[in-house]
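First the structure, in the form of structure tokens, and then the observations on it.
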Amino acid sequence: MRIKPNHEHGKEVDNWFTLLPRHKNEVVKGALRLKLMYKKVESKPLSANDFELLKVVGKGSFGKVMQVRKKDTNRIYAMKVLNKKDIVERQEIQHTLSERNVLIQATSPFLVGLKFSFQTPEKLYLVLDYMNGGELFYHLQNEQTFSEERASFYTAELVLALKHLHKYNIIYRDLKPENILLDSNGHVALTDFGLCKENVSFDDTTNTFCGTAEYLAPEVLTGQGYGKAVDWWSLGILFYEMTTGLPPFYSENTNLMYKKILHNKLLFPQGYSELGQSLVRGLLERDPRRRLGGGPADAIEVQRHPFFEGMNWEKLYKKQYKPPFKPKVESESDTSNFDPCFTESLPVDSLPNNQSAPLSDSVQQNFKGFTFTDEDKLESVSSLTHSMHSLKLNNTRLN
């Protein structure tokens, strides 16, 4: 349904809203009665005190990700907390600022969006969309393999996510199940943009050795310089892993795995579909210039592959396809789809260790401009009292 709320401060609206079809041929009947009120809020700088810490939902090398509730609106978010000193010591300042910049441009339906960012002398805070369907990695671990139908659905949505990043000349560089989240309906959302490289057009290359070992493209390993095509290689590895349970060149010995990536023949288990094999072989072409998606048409090459024949990409973009798997979600704040090794940890925003020597003013200058508030997308909406927790559904009539 579509709601155009009255922006008159303090005026309550109590109406029936007719449900609308999501696409041309859909028949839908019914209406929802909603009560809502617009309240103007004074804009002020955000701090960690504006959020209630609920659960830990992830951990990384620079900090952790916590599920939080914004106290004034009661909206649920994911808050990524990063330790400045660790970032400086590992010379990751540029990557961290790139992550923030990429998040601001993340307007695709298949990318996690940034709502706020702010900082203290010790830490950086990124407040993001919370996806209660959990990590794809968690679901793949539990089920070991996905059907080709399910894997192809996730892959198609990821094609659109990468297409959006590449359109802005951004290489993602870290595609893996741990960085893919599911929403409550089962659609994917790419997250963790810390390894993204900005300003890389089709003819440009970069040389930084980074990413996750199992998903590294051959041109990254050989140090010859690489471009956007590395993301299509990673997508091929991911599709193979989703349908077989392991990446194609996996070994516990990292050096051996690198040799396999560079030289080993691609093998498929018995019963693997011909079209599936064709897609994977195209994405895992070792020569990036001949790789599926490696040409100037980028994602369009992948979209035109016979594997995706019959796919209505516009319908997919609008999330009008029913996902093949719907996570079990009981509420907006549900954390049952995240690994208990995270969610059972105490959600504490403690001061970093070894803070005896504060960062100098010149180092702090590197983080100038980090603060961000998504005013247009969020504040006008969050001022409404129809956030999920307080939505009043009375006398609901549904077909």
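Letters for chains follow the order of the structure tokens (A, B, ...), residue numbers begin at 1 for each chain, and ligand numbers begin at 1 in the order shown.
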
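Counting only C-alpha atoms, Gly58 in chain A has the following residues at most 9 Å away, ignoring those fewer than 3 positions along the same chain: Gly63, Lys64, Val65, Met66, Lys80, Phe338, Asp339, Cys341, Phe342 and Thr343 of chain A.
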
Can you build me a table of range 56-120 of chain A residues sitting at most 12 Å from range 318-333 of chain A, with the closest atom pair per residue and its distance in Å to one decimal, using only C-alpha atoms, sorted by chain and residue number, as a tab-separated table?
```
residue	atom	partner	partner_atom	distance
A:Val57	CA	A:Ser333	CA	11.3
A:Met66	CA	A:Ser333	CA	11.5
A:Gln67	CA	A:Ser333	CA	7.9
A:Val68	CA	A:Ser333	CA	8.9
A:Arg69	CA	A:Ser333	CA	8.8
A:Asn74	CA	A:Ser333	CA	10.6
A:Arg75	CA	A:Glu332	CA	8.9
A:Ile76	CA	A:Ser333	CA	6.5
A:Tyr77	CA	A:Ser333	CA	8.8
A:Ala78	CA	A:Ser333	CA	10.2
A:Ser108	CA	A:Lys318	CA	10.2
A:Pro109	CA	A:Lys318	CA	7.9
A:Phe110	CA	A:Lys319	CA	9.5
```

Create the file for the chosen residues now, containing N, CA and C atoms and written as an mmCIF file, in the first residue's frame.
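So the final result, stored in out06.cif, reads:
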```cif
data_model
loop_
_atom_site.group_PDB
_atom_site.id
_atom_site.type_symbol
_atom_site.label_atom_id
_atom_site.label_comp_id
_atom_site.auth_asym_id
_atom_site.auth_seq_id
_atom_site.Cartn_x
_atom_site.Cartn_y
_atom_site.Cartn_z
ATOM 1 N N VAL A 57 25.458 -9.338 16.999
ATOM 2 C CA VAL A 57 25.068 -10.166 15.840
ATOM 3 C C VAL A 57 26.249 -10.444 14.910
ATOM 4 N N MET A 66 26.345 -4.795 16.563
ATOM 5 C CA MET A 66 25.307 -5.050 17.571
ATOM 6 C C MET A 66 23.940 -4.639 17.053
ATOM 7 N N GLN A 67 22.952 -5.403 17.444
ATOM 8 C CA GLN A 67 21.568 -5.003 17.192
ATOM 9 C C GLN A 67 21.223 -3.940 18.240
ATOM 10 N N VAL A 68 20.670 -2.809 17.787
ATOM 11 C CA VAL A 68 20.364 -1.702 18.698
ATOM 12 C C VAL A 68 18.958 -1.173 18.434
ATOM 13 N N ARG A 69 18.434 -0.465 19.409
ATOM 14 C CA ARG A 69 17.144 0.214 19.257
ATOM 15 C C ARG A 69 17.366 1.705 19.480
ATOM 16 N N ASN A 74 12.298 4.030 18.627
ATOM 17 C CA ASN A 74 12.173 2.583 18.870
ATOM 18 C C ASN A 74 12.462 1.737 17.632
ATOM 19 N N ARG A 75 13.081 2.313 16.615
ATOM 20 C CA ARG A 75 13.437 1.532 15.428
ATOM 21 C C ARG A 75 14.664 0.668 15.716
ATOM 22 N N ILE A 76 14.678 -0.497 15.066
ATOM 23 C CA ILE A 76 15.778 -1.448 15.239
ATOM 24 C C ILE A 76 16.803 -1.257 14.119
ATOM 25 N N TYR A 77 18.087 -1.241 14.489
ATOM 26 C CA TYR A 77 19.178 -1.120 13.526
ATOM 27 C C TYR A 77 20.302 -2.083 13.886
ATOM 28 N N ALA A 78 21.262 -2.201 12.984
ATOM 29 C CA ALA A 78 22.529 -2.868 13.294
ATOM 30 C C ALA A 78 23.580 -1.768 13.430
ATOM 31 N N SER A 108 20.717 0.464 -3.775
ATOM 32 C CA SER A 108 20.127 -0.728 -4.392
ATOM 33 C C SER A 108 19.309 -1.477 -3.344
ATOM 34 N N PRO A 109 18.206 -2.142 -3.756
ATOM 35 C CA PRO A 109 17.426 -2.940 -2.805
ATOM 36 C C PRO A 109 18.206 -4.124 -2.245
ATOM 37 N N PHE A 110 19.365 -4.444 -2.866
ATOM 38 C CA PHE A 110 20.117 -5.624 -2.454
ATOM 39 C C PHE A 110 21.431 -5.262 -1.772
#
```

Contacts of range 221-230 of chain A within 7 Å, only C-alpha atoms, excl. fewer than 3 positions in-chain, as a PyMOL selection string | chain A and resi 166+171+173+204-207+217-218+233-234+288+293-294

Which neighbours of Leu103 in chain A fall inside 10 Å, counting only C-alpha atoms, when residues of the same chain fewer than 6 positions from it are skipped, and could you give them as a PyMOL selection string?
-> chain A and resi 97+111-115+126+128+191-194
